[in-house]
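Undergrad: Enclosed is the structure file upload.cif (mmCIF, C-alpha atoms).
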```cif
data_upload
#
loop_
_atom_site.group_PDB
_atom_site.id
_atom_site.type_symbol
_atom_site.label_atom_id
_atom_site.label_comp_id
_atom_site.auth_asym_id
_atom_site.auth_seq_id
_atom_site.Cartn_x
_atom_site.Cartn_y
_atom_site.Cartn_z
ATOM 1 C CA MET A 1 11.642 21.428 -49.771
ATOM 2 C CA GLY A 2 13.314 19.124 -47.240
ATOM 3 C CA THR A 3 12.689 19.338 -43.578
ATOM 4 C CA ASP A 4 15.399 20.375 -41.172
ATOM 5 C CA PRO A 5 16.518 17.194 -39.375
ATOM 6 C CA GLY A 6 18.224 19.271 -36.715
ATOM 7 C CA GLY A 7 14.998 21.118 -35.970
ATOM 8 C CA GLU A 8 13.014 17.876 -35.789
ATOM 9 C CA GLY A 9 15.625 16.382 -33.444
ATOM 10 C CA LEU A 10 15.431 19.418 -31.169
ATOM 11 C CA ALA A 11 11.620 19.337 -31.154
ATOM 12 C CA HIS A 12 11.665 15.610 -30.334
ATOM 13 C CA GLN A 13 14.165 16.171 -27.520
ATOM 14 C CA LEU A 14 12.157 19.056 -26.059
ATOM 15 C CA LYS A 15 8.947 16.997 -26.227
ATOM 16 C CA HIS A 16 10.480 14.355 -23.969
ATOM 17 C CA GLN A 17 12.590 16.655 -21.768
ATOM 18 C CA VAL A 18 9.764 19.005 -20.740
ATOM 19 C CA PRO A 19 7.900 16.381 -18.627
ATOM 20 C CA LEU A 20 11.193 15.484 -16.934
ATOM 21 C CA MET A 21 11.915 19.147 -16.207
ATOM 22 C CA LEU A 22 8.412 19.657 -14.763
ATOM 23 C CA TRP A 23 8.885 16.598 -12.538
ATOM 24 C CA LEU A 24 12.282 17.860 -11.345
ATOM 25 C CA VAL A 25 10.802 21.265 -10.494
ATOM 26 C CA PHE A 26 7.957 19.537 -8.621
ATOM 27 C CA VAL A 27 10.429 17.414 -6.600
ATOM 28 C CA TRP A 28 12.545 20.533 -5.916
ATOM 29 C CA MET A 29 9.505 22.332 -4.489
ATOM 30 C CA LEU A 30 8.652 19.317 -2.311
ATOM 31 C CA LEU A 31 12.199 19.140 -0.980
ATOM 32 C CA TRP A 32 12.111 22.823 0.033
ATOM 33 C CA GLY A 33 8.719 22.295 1.640
ATOM 34 C CA THR A 34 7.311 25.726 0.757
ATOM 35 C CA TRP A 35 6.011 27.324 -2.401
ATOM 36 C CA SER A 36 7.642 30.577 -3.451
ATOM 37 C CA TRP A 37 8.665 32.278 -6.654
ATOM 38 C CA ALA A 38 12.319 31.948 -5.611
ATOM 39 C CA ASN A 39 11.944 28.177 -5.203
ATOM 40 C CA LEU A 40 10.085 27.905 -8.514
ATOM 41 C CA ILE A 41 12.736 29.889 -10.405
ATOM 42 C CA SER A 42 15.692 28.153 -8.752
ATOM 43 C CA GLY A 43 14.041 24.747 -9.342
ATOM 44 C CA SER A 44 13.553 25.612 -13.005
ATOM 45 C CA VAL A 45 17.218 26.621 -13.322
ATOM 46 C CA VAL A 46 18.371 23.404 -11.625
ATOM 47 C CA ALA A 47 16.042 21.282 -13.800
ATOM 48 C CA LEU A 48 17.314 22.998 -16.957
ATOM 49 C CA ALA A 49 20.939 22.506 -15.887
ATOM 50 C CA VAL A 50 20.357 18.829 -15.080
ATOM 51 C CA THR A 51 18.615 18.064 -18.376
ATOM 52 C CA VAL A 52 21.189 19.978 -20.456
ATOM 53 C CA LEU A 53 24.398 18.962 -18.643
ATOM 54 C CA LEU A 54 23.319 15.403 -17.739
ATOM 55 C CA PRO A 55 21.086 14.301 -20.626
ATOM 56 C CA LEU A 56 19.326 10.963 -20.362
ATOM 57 C CA PRO A 57 19.464 8.358 -23.146
ATOM 58 C CA PRO A 58 16.810 8.700 -25.850
ATOM 59 C CA VAL A 59 13.298 7.879 -24.689
ATOM 60 C CA ILE A 60 11.649 4.990 -26.490
ATOM 61 C CA GLY A 61 7.933 5.604 -26.554
ATOM 62 C CA GLY A 62 8.067 8.379 -23.970
ATOM 63 C CA ALA A 63 5.639 9.061 -21.165
ATOM 64 C CA ARG A 64 1.939 9.491 -21.690
ATOM 65 C CA VAL A 65 -0.156 11.539 -19.324
ATOM 66 C CA HIS A 66 -3.640 10.253 -18.524
ATOM 67 C CA PRO A 67 -5.490 13.112 -16.775
ATOM 68 C CA VAL A 68 -7.776 10.931 -14.622
ATOM 69 C CA GLY A 69 -4.923 8.628 -13.613
ATOM 70 C CA LEU A 70 -2.714 11.646 -12.888
ATOM 71 C CA ALA A 71 -5.382 13.191 -10.652
ATOM 72 C CA VAL A 72 -5.741 9.909 -8.733
ATOM 73 C CA PHE A 73 -1.950 9.565 -8.372
ATOM 74 C CA VAL A 74 -1.477 13.142 -7.132
ATOM 75 C CA GLY A 75 -4.454 12.906 -4.770
ATOM 76 C CA TYR A 76 -3.255 9.669 -3.163
ATOM 77 C CA PHE A 77 0.308 11.007 -3.003
ATOM 78 C CA PHE A 78 -0.678 14.078 -0.977
ATOM 79 C CA VAL A 79 -2.972 12.049 1.307
ATOM 80 C CA ASP A 80 -0.129 9.571 1.938
ATOM 81 C CA LEU A 81 2.282 12.449 2.503
ATOM 82 C CA VAL A 82 0.137 14.073 5.205
ATOM 83 C CA ARG A 83 -0.947 10.826 6.858
ATOM 84 C CA SER A 84 2.573 9.339 6.934
ATOM 85 C CA ALA A 85 4.123 12.561 8.237
ATOM 86 C CA ALA A 86 1.608 12.650 11.096
ATOM 87 C CA LEU A 87 2.165 8.954 11.833
ATOM 88 C CA VAL A 88 5.962 9.251 11.892
ATOM 89 C CA ALA A 89 5.719 12.340 14.125
ATOM 90 C CA TRP A 90 3.464 10.450 16.555
ATOM 91 C CA GLN A 91 5.729 7.382 16.561
ATOM 92 C CA THR A 92 8.730 9.597 17.284
ATOM 93 C CA LEU A 93 7.084 11.465 20.168
ATOM 94 C CA ARG A 94 5.195 8.658 21.877
ATOM 95 C CA PRO A 95 6.814 7.025 24.933
ATOM 96 C CA GLY A 96 7.487 3.700 23.210
ATOM 97 C CA GLY A 97 9.175 5.369 20.250
ATOM 98 C CA ILE A 98 9.423 3.734 16.851
ATOM 99 C CA GLY A 99 9.045 -0.039 17.127
ATOM 100 C CA ASN A 100 10.417 -2.634 14.730
ATOM 101 C CA SER A 101 11.455 -1.608 11.260
ATOM 102 C CA ALA A 102 11.863 -3.864 8.252
ATOM 103 C CA ILE A 103 13.493 -4.120 4.857
ATOM 104 C CA ILE A 104 11.147 -5.491 2.210
ATOM 105 C CA GLN A 105 11.620 -6.396 -1.427
ATOM 106 C CA VAL A 106 8.770 -5.880 -3.881
ATOM 107 C CA GLN A 107 8.533 -7.388 -7.359
ATOM 108 C CA MET A 108 7.258 -4.766 -9.775
ATOM 109 C CA ARG A 109 5.224 -5.327 -12.952
ATOM 110 C CA THR A 110 6.378 -2.418 -15.118
ATOM 111 C CA ASP A 111 9.526 -2.586 -17.233
ATOM 112 C CA SER A 112 9.889 1.156 -17.836
ATOM 113 C CA ASP A 113 12.870 2.934 -16.265
ATOM 114 C CA LEU A 114 10.867 6.155 -16.116
ATOM 115 C CA LEU A 115 7.883 4.597 -14.336
ATOM 116 C CA LEU A 116 10.104 2.673 -11.907
ATOM 117 C CA THR A 117 11.918 5.912 -11.101
ATOM 118 C CA ILE A 118 8.653 7.778 -10.474
ATOM 119 C CA VAL A 119 7.474 4.960 -8.194
ATOM 120 C CA ALA A 120 10.766 4.956 -6.275
ATOM 121 C CA GLU A 121 10.782 8.759 -5.902
ATOM 122 C CA SER A 122 7.157 8.960 -4.779
ATOM 123 C CA LEU A 123 7.723 6.212 -2.181
ATOM 124 C CA THR A 124 10.889 7.875 -0.870
ATOM 125 C CA LEU A 125 9.258 11.305 -0.588
ATOM 126 C CA VAL A 126 6.597 9.897 1.750
ATOM 127 C CA PRO A 127 7.901 9.795 5.359
ATOM 128 C CA GLY A 128 8.320 6.356 6.888
ATOM 129 C CA SER A 129 9.756 4.557 3.867
ATOM 130 C CA VAL A 130 12.834 4.933 1.693
ATOM 131 C CA VAL A 131 13.922 2.989 -1.382
ATOM 132 C CA ILE A 132 17.404 1.619 -0.686
ATOM 133 C CA ASP A 133 17.936 -0.457 -3.824
ATOM 134 C CA MET A 134 16.492 -0.985 -7.284
ATOM 135 C CA ASP A 135 17.363 -4.175 -9.160
ATOM 136 C CA ARG A 136 16.697 -3.165 -12.737
ATOM 137 C CA GLU A 137 17.111 -6.631 -14.259
ATOM 138 C CA ARG A 138 14.702 -8.327 -11.834
ATOM 139 C CA ARG A 139 12.412 -5.298 -11.575
ATOM 140 C CA THR A 140 12.477 -5.266 -7.781
ATOM 141 C CA LEU A 141 12.543 -2.427 -5.278
ATOM 142 C CA SER A 142 13.995 -2.823 -1.781
ATOM 143 C CA LEU A 143 12.595 -0.470 0.856
ATOM 144 C CA HIS A 144 13.331 0.305 4.482
ATOM 145 C CA ILE A 145 10.063 0.897 6.328
ATOM 146 C CA LEU A 146 9.468 2.146 9.854
ATOM 147 C CA HIS A 147 7.330 0.636 12.580
ATOM 148 C CA VAL A 148 5.996 -2.710 11.418
ATOM 149 C CA ARG A 149 3.913 -4.688 13.894
ATOM 150 C CA ASP A 150 3.891 -8.176 12.344
ATOM 151 C CA LEU A 151 4.134 -10.091 9.066
ATOM 152 C CA ALA A 152 0.614 -9.048 8.113
ATOM 153 C CA ASP A 153 1.710 -5.412 8.421
ATOM 154 C CA VAL A 154 4.727 -6.148 6.198
ATOM 155 C CA GLU A 155 2.427 -7.664 3.566
ATOM 156 C CA SER A 156 0.123 -4.643 3.733
ATOM 157 C CA ARG A 157 3.133 -2.375 3.112
ATOM 158 C CA ARG A 158 4.112 -4.533 0.128
ATOM 159 C CA ALA A 159 0.555 -4.248 -1.203
ATOM 160 C CA ALA A 160 0.730 -0.455 -0.743
ATOM 161 C CA VAL A 161 3.870 -0.346 -2.922
ATOM 162 C CA LEU A 162 2.104 -2.313 -5.660
ATOM 163 C CA ALA A 163 -0.891 0.035 -5.379
ATOM 164 C CA GLU A 164 1.450 3.014 -5.843
ATOM 165 C CA GLU A 165 2.972 1.327 -8.890
ATOM 166 C CA GLU A 166 -0.502 0.837 -10.356
ATOM 167 C CA ARG A 167 -1.394 4.510 -9.822
ATOM 168 C CA VAL A 168 1.857 5.619 -11.498
ATOM 169 C CA VAL A 169 1.352 3.300 -14.472
ATOM 170 C CA ARG A 170 -2.271 4.416 -14.899
ATOM 171 C CA ALA A 171 -1.104 8.043 -14.786
ATOM 172 C CA PHE A 172 1.904 7.820 -17.142
ATOM 173 C CA GLY A 173 2.034 4.358 -18.735
ATOM 174 C CA SER A 174 1.433 3.099 -22.241
ATOM 175 C CA PRO A 175 -1.560 0.834 -23.027
ATOM 176 C CA ASP A 176 0.758 -2.216 -22.895
ATOM 177 C CA GLU A 177 2.089 -1.189 -19.474
ATOM 178 C CA ILE A 178 -1.425 -0.643 -18.152
ATOM 179 C CA ALA A 179 -2.448 -4.075 -19.500
ATOM 180 C CA ALA A 180 0.542 -5.653 -17.695
ATOM 181 C CA LEU A 181 -1.036 -4.625 -14.367
ATOM 182 C CA ALA A 182 -3.508 -7.497 -14.813
ATOM 183 C CA HIS A 183 -0.649 -9.964 -14.261
ATOM 184 C CA ALA A 184 0.677 -10.933 -10.862
ATOM 185 C CA PRO A 185 4.089 -9.453 -9.944
ATOM 186 C CA GLY A 186 6.819 -11.495 -11.619
ATOM 187 C CA GLU A 187 4.410 -12.819 -14.268
ATOM 188 C CA ALA A 188 3.992 -9.660 -16.322
ATOM 189 C CA PRO A 189 5.321 -10.122 -19.857
ATOM 190 C CA VAL A 190 8.608 -8.336 -20.434
ATOM 191 C CA ALA A 191 8.807 -6.271 -23.586
ATOM 192 C CA THR A 192 11.178 -7.406 -26.306
ATOM 193 C CA GLY A 193 13.049 -4.127 -26.142
ATOM 194 C CA ARG A 194 13.637 -2.394 -22.824
ATOM 195 C CA ARG A 195 11.986 0.949 -22.343
ATOM 196 C CA THR A 196 14.868 3.276 -21.584
ATOM 197 C CA PRO A 197 13.583 6.699 -20.595
#
```
Translate this structure into structure tokens?
TA:
Amino acid sequence: MGTDPGGEGLAHQLKHQVPLMLWLVFVWMLLWGTWSWANLISGSVVALAVTVLLPLPPVIGGARVHPVGLAVFVGYFFVDLVRSAALVAWQTLRPGGIGNSAIIQVQMRTDSDLLLTIVAESLTLVPGSVVIDMDRERRTLSLHILHVRDLADVESRRAAVLAEEERVVRAFGSPDEIAALAHAPGEAPVATGRRTP
């Protein structure tokens, strides 16, 4: 008996759409700022509508979830979220206000659209920084960051972006993408075929 190619195609699509839907629901809950059943249900409906009405191109390779890396990523994300929110609130209320801001460009090491998107979203969700541009061909992110004191502070922010990239790759990346972290930014080998999640 032959297998049903339509059924296999649907199973393959669901396998790669479910992580995206879970991520969209997670982002929806963060944007609302409170957990409730109404937010969970409405986020699930929005995520389903987005994935059905605006489907992404086929995923080559897909995302892999590494439990230890995921725990580290989520832990650091929530610590950064709380710490940055408190820092931005203090900078806003203090007499001197927010000092100098800066726009920085960071060369990334990963070549995966999905991982770059997760990095950009996680950086933007943390108060005090926002991704304003992503150059896909050069694998660079441009960010606007608040309250930088000097060039050393700018470099520390750039290092923090690379640390976030490493946590994302170790949480969701393939073995090749994790191995690419050993290279300096701009020196990581580019895959022969672009990962297009």
Undergrad: Got a sec to resolve the PyMOL selection byres ((chain A and resi 42-54) around 10) on this structure and send the residues as a PDB file with C-alpha atoms, in the frame of the given file?
TA:
```
ATOM      1  CA  GLN A  17      12.590  16.655 -21.768  1.00  0.00           C
ATOM      2  CA  VAL A  18       9.764  19.005 -20.740  1.00  0.00           C
ATOM      3  CA  LEU A  20      11.193  15.484 -16.934  1.00  0.00           C
ATOM      4  CA  MET A  21      11.915  19.147 -16.207  1.00  0.00           C
ATOM      5  CA  LEU A  22       8.412  19.657 -14.763  1.00  0.00           C
ATOM      6  CA  TRP A  23       8.885  16.598 -12.538  1.00  0.00           C
ATOM      7  CA  LEU A  24      12.282  17.860 -11.345  1.00  0.00           C
ATOM      8  CA  VAL A  25      10.802  21.265 -10.494  1.00  0.00           C
ATOM      9  CA  PHE A  26       7.957  19.537  -8.621  1.00  0.00           C
ATOM     10  CA  VAL A  27      10.429  17.414  -6.600  1.00  0.00           C
ATOM     11  CA  TRP A  28      12.545  20.533  -5.916  1.00  0.00           C
ATOM     12  CA  MET A  29       9.505  22.332  -4.489  1.00  0.00           C
ATOM     13  CA  TRP A  32      12.111  22.823   0.033  1.00  0.00           C
ATOM     14  CA  SER A  36       7.642  30.577  -3.451  1.00  0.00           C
ATOM     15  CA  TRP A  37       8.665  32.278  -6.654  1.00  0.00           C
ATOM     16  CA  ALA A  38      12.319  31.948  -5.611  1.00  0.00           C
ATOM     17  CA  ASN A  39      11.944  28.177  -5.203  1.00  0.00           C
ATOM     18  CA  LEU A  40      10.085  27.905  -8.514  1.00  0.00           C
ATOM     19  CA  ILE A  41      12.736  29.889 -10.405  1.00  0.00           C
ATOM     20  CA  PRO A  55      21.086  14.301 -20.626  1.00  0.00           C
ATOM     21  CA  LEU A  56      19.326  10.963 -20.362  1.00  0.00           C
ATOM     22  CA  PRO A  57      19.464   8.358 -23.146  1.00  0.00           C
TER      23      PRO A  57
END
```
Undergrad: Could you state which residues are captured by the PyMOL selection byres ((chain A and resi 116-128) around 6) in this file, as a tab-separated table (two decimals) with C-alpha atoms, in the frame of the given file?
TA:
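Saved as result.tsv:
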```tsv
chain	number	residue	atom	x	y	z
A	81	LEU	CA	2.28	12.45	2.50
A	84	SER	CA	2.57	9.34	6.93
A	85	ALA	CA	4.12	12.56	8.24
A	113	ASP	CA	12.87	2.93	-16.26
A	114	LEU	CA	10.87	6.16	-16.12
A	115	LEU	CA	7.88	4.60	-14.34
A	129	SER	CA	9.76	4.56	3.87
A	130	VAL	CA	12.83	4.93	1.69
A	131	VAL	CA	13.92	2.99	-1.38
A	145	ILE	CA	10.06	0.90	6.33
A	146	LEU	CA	9.47	2.15	9.85
A	165	GLU	CA	2.97	1.33	-8.89
```
Undergrad: Please measure the separation of CA of Val68 (chain A) and CA of Pro19 (chain A), giving the value in Å to one decimal.
TA: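 These atoms are spaced 17.1 Å apart.
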Undergrad: Using the chain letters and numbers from the file, give me the residues hit by the PyMOL selection byres ((chain A and resi 148) around 9), as a PDB file with C-alpha atoms, keeping the file's coordinate frame.
TA:
```pdb
ATOM      1  CA  GLY A  99       9.045  -0.039  17.127  1.00  0.00           C
ATOM      2  CA  ASN A 100      10.417  -2.634  14.730  1.00  0.00           C
ATOM      3  CA  SER A 101      11.455  -1.608  11.260  1.00  0.00           C
ATOM      4  CA  ALA A 102      11.863  -3.864   8.252  1.00  0.00           C
ATOM      5  CA  ILE A 145      10.063   0.897   6.328  1.00  0.00           C
ATOM      6  CA  LEU A 146       9.468   2.146   9.854  1.00  0.00           C
ATOM      7  CA  HIS A 147       7.330   0.636  12.580  1.00  0.00           C
ATOM      8  CA  ARG A 149       3.913  -4.688  13.894  1.00  0.00           C
ATOM      9  CA  ASP A 150       3.891  -8.176  12.344  1.00  0.00           C
ATOM     10  CA  LEU A 151       4.134 -10.091   9.066  1.00  0.00           C
ATOM     11  CA  ALA A 152       0.614  -9.048   8.113  1.00  0.00           C
ATOM     12  CA  ASP A 153       1.710  -5.412   8.421  1.00  0.00           C
ATOM     13  CA  VAL A 154       4.727  -6.148   6.198  1.00  0.00           C
ATOM     14  CA  ARG A 157       3.133  -2.375   3.112  1.00  0.00           C
TER      15      ARG A 157
END
```
Undergrad: Could you tell me how far CA of Thr110 (chain A) lies from CA of Ala159 (chain A), in Å and to one decimal?
TA: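 Distance between the two atoms: 15.2 Å.
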Undergrad: Distance CA of Thr34 (chain A)-CA of Gly69 (chain A), one decimal place?
TA: 25.5 Å
Undergrad: Around all the atoms of region 44-50 of chain A listed in the file, with 3 Å of room on each side, what axis-aligned box do you get, giving centre and edge lengths in Å to one decimal, as lines of an AutoDock Vina configuration file?
TA:
```
center_x = 17.2
center_y = 22.7
center_z = -14.3
size_x = 13.4
size_y = 13.8
size_z = 11.3
```
Undergrad: Can you work out which one of A:Ala71, A:Met134, A:Leu30, A:Val106 has the shortest atom-to-atom distance to Val168 (chain A), counting only C-alpha atoms?
TA: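 With only C-alpha atoms as the atom set, the closest residue is A:Ala71.
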Undergrad: At a cut-off of 10 Å, using only C-alpha atoms, what residues contact Arg167 (chain A)? Leave out same-chain residues fewer than 2 positions from it and give the result as a PyMOL selection string.
TA: chain A and resi 69-74+76-77+119+161-165+169-173+178
Undergrad: Mind dumping region 120-131 of chain A from that block, keeping all heavy atoms, as a PDB file, in the first residue's frame?
TA:
```pdb
ATOM      1  N   ALA A 120      16.620  38.848  17.108  1.00  0.00           N
ATOM      2  CA  ALA A 120      16.107  40.215  16.950  1.00  0.00           C
ATOM      3  C   ALA A 120      14.892  40.452  17.837  1.00  0.00           C
ATOM      4  O   ALA A 120      14.770  41.504  18.479  1.00  0.00           O
ATOM      5  CB  ALA A 120      15.753  40.479  15.485  1.00  0.00           C
ATOM      6  N   GLU A 121      13.979  39.484  17.914  1.00  0.00           N
ATOM      7  CA  GLU A 121      12.776  39.642  18.735  1.00  0.00           C
ATOM      8  C   GLU A 121      13.132  39.690  20.217  1.00  0.00           C
ATOM      9  O   GLU A 121      12.591  40.517  20.965  1.00  0.00           O
ATOM     10  CB  GLU A 121      11.795  38.493  18.474  1.00  0.00           C
ATOM     11  CG  GLU A 121      11.143  38.523  17.117  1.00  0.00           C
ATOM     12  CD  GLU A 121      10.205  39.692  16.947  1.00  0.00           C
ATOM     13  OE1 GLU A 121       9.681  40.202  17.955  1.00  0.00           O
ATOM     14  OE2 GLU A 121      10.004  40.121  15.799  1.00  0.00           O
ATOM     15  N   SER A 122      14.031  38.822  20.655  1.00  0.00           N
ATOM     16  CA  SER A 122      14.374  38.804  22.079  1.00  0.00           C
ATOM     17  C   SER A 122      15.096  40.093  22.485  1.00  0.00           C
ATOM     18  O   SER A 122      14.889  40.594  23.593  1.00  0.00           O
ATOM     19  CB  SER A 122      15.242  37.581  22.404  1.00  0.00           C
ATOM     20  OG  SER A 122      16.456  37.608  21.691  1.00  0.00           O
ATOM     21  N   LEU A 123      15.911  40.643  21.590  1.00  0.00           N
ATOM     22  CA  LEU A 123      16.585  41.918  21.897  1.00  0.00           C
ATOM     23  C   LEU A 123      15.595  43.074  21.943  1.00  0.00           C
ATOM     24  O   LEU A 123      15.693  43.974  22.777  1.00  0.00           O
ATOM     25  CB  LEU A 123      17.671  42.207  20.852  1.00  0.00           C
ATOM     26  CG  LEU A 123      18.888  41.285  20.864  1.00  0.00           C
ATOM     27  CD1 LEU A 123      19.750  41.530  19.638  1.00  0.00           C
ATOM     28  CD2 LEU A 123      19.695  41.475  22.138  1.00  0.00           C
ATOM     29  N   THR A 124      14.617  43.061  21.033  1.00  0.00           N
ATOM     30  CA  THR A 124      13.643  44.154  20.971  1.00  0.00           C
ATOM     31  C   THR A 124      12.683  44.114  22.146  1.00  0.00           C
ATOM     32  O   THR A 124      12.240  45.163  22.626  1.00  0.00           O
ATOM     33  CB  THR A 124      12.866  44.091  19.639  1.00  0.00           C
ATOM     34  OG1 THR A 124      13.807  44.236  18.555  1.00  0.00           O
ATOM     35  CG2 THR A 124      11.833  45.189  19.539  1.00  0.00           C
ATOM     36  N   LEU A 125      12.364  42.917  22.642  1.00  0.00           N
ATOM     37  CA  LEU A 125      11.429  42.802  23.759  1.00  0.00           C
ATOM     38  C   LEU A 125      12.026  43.296  25.070  1.00  0.00           C
ATOM     39  O   LEU A 125      11.290  43.639  25.998  1.00  0.00           O
ATOM     40  CB  LEU A 125      10.965  41.350  23.918  1.00  0.00           C
ATOM     41  CG  LEU A 125       9.981  40.852  22.856  1.00  0.00           C
ATOM     42  CD1 LEU A 125       9.782  39.353  22.978  1.00  0.00           C
ATOM     43  CD2 LEU A 125       8.649  41.579  22.969  1.00  0.00           C
ATOM     44  N   VAL A 126      13.356  43.345  25.157  1.00  0.00           N
ATOM     45  CA  VAL A 126      14.009  43.831  26.369  1.00  0.00           C
ATOM     46  C   VAL A 126      14.084  45.351  26.319  1.00  0.00           C
ATOM     47  O   VAL A 126      14.598  45.911  25.351  1.00  0.00           O
ATOM     48  CB  VAL A 126      15.422  43.227  26.510  1.00  0.00           C
ATOM     49  CG1 VAL A 126      16.174  43.864  27.663  1.00  0.00           C
ATOM     50  CG2 VAL A 126      15.330  41.720  26.710  1.00  0.00           C
ATOM     51  N   PRO A 127      13.551  46.057  27.313  1.00  0.00           N
ATOM     52  CA  PRO A 127      13.575  47.531  27.296  1.00  0.00           C
ATOM     53  C   PRO A 127      15.004  48.073  27.204  1.00  0.00           C
ATOM     54  O   PRO A 127      15.932  47.503  27.758  1.00  0.00           O
ATOM     55  CB  PRO A 127      12.937  47.909  28.640  1.00  0.00           C
ATOM     56  CG  PRO A 127      12.119  46.726  29.031  1.00  0.00           C
ATOM     57  CD  PRO A 127      12.856  45.530  28.501  1.00  0.00           C
ATOM     58  N   GLY A 128      15.132  49.192  26.480  1.00  0.00           N
ATOM     59  CA  GLY A 128      16.432  49.834  26.361  1.00  0.00           C
ATOM     60  C   GLY A 128      17.137  49.584  25.052  1.00  0.00           C
ATOM     61  O   GLY A 128      18.133  50.234  24.746  1.00  0.00           O
ATOM     62  N   SER A 129      16.639  48.646  24.251  1.00  0.00           N
ATOM     63  CA  SER A 129      17.232  48.395  22.940  1.00  0.00           C
ATOM     64  C   SER A 129      16.134  47.981  21.974  1.00  0.00           C
ATOM     65  O   SER A 129      15.142  47.376  22.373  1.00  0.00           O
ATOM     66  CB  SER A 129      18.301  47.294  23.018  1.00  0.00           C
ATOM     67  OG  SER A 129      17.710  46.055  23.368  1.00  0.00           O
ATOM     68  N   VAL A 130      16.316  48.341  20.711  1.00  0.00           N
ATOM     69  CA  VAL A 130      15.362  47.946  19.677  1.00  0.00           C
ATOM     70  C   VAL A 130      16.134  47.719  18.383  1.00  0.00           C
ATOM     71  O   VAL A 130      17.028  48.488  18.031  1.00  0.00           O
ATOM     72  CB  VAL A 130      14.243  48.999  19.486  1.00  0.00           C
ATOM     73  CG1 VAL A 130      14.821  50.335  19.044  1.00  0.00           C
ATOM     74  CG2 VAL A 130      13.190  48.524  18.500  1.00  0.00           C
ATOM     75  N   VAL A 131      15.821  46.620  17.707  1.00  0.00           N
ATOM     76  CA  VAL A 131      16.454  46.329  16.420  1.00  0.00           C
ATOM     77  C   VAL A 131      15.779  47.191  15.359  1.00  0.00           C
ATOM     78  O   VAL A 131      14.562  47.138  15.190  1.00  0.00           O
ATOM     79  CB  VAL A 131      16.329  44.834  16.065  1.00  0.00           C
ATOM     80  CG1 VAL A 131      16.881  44.566  14.668  1.00  0.00           C
ATOM     81  CG2 VAL A 131      17.069  43.987  17.097  1.00  0.00           C
TER      82      VAL A 131
END
```
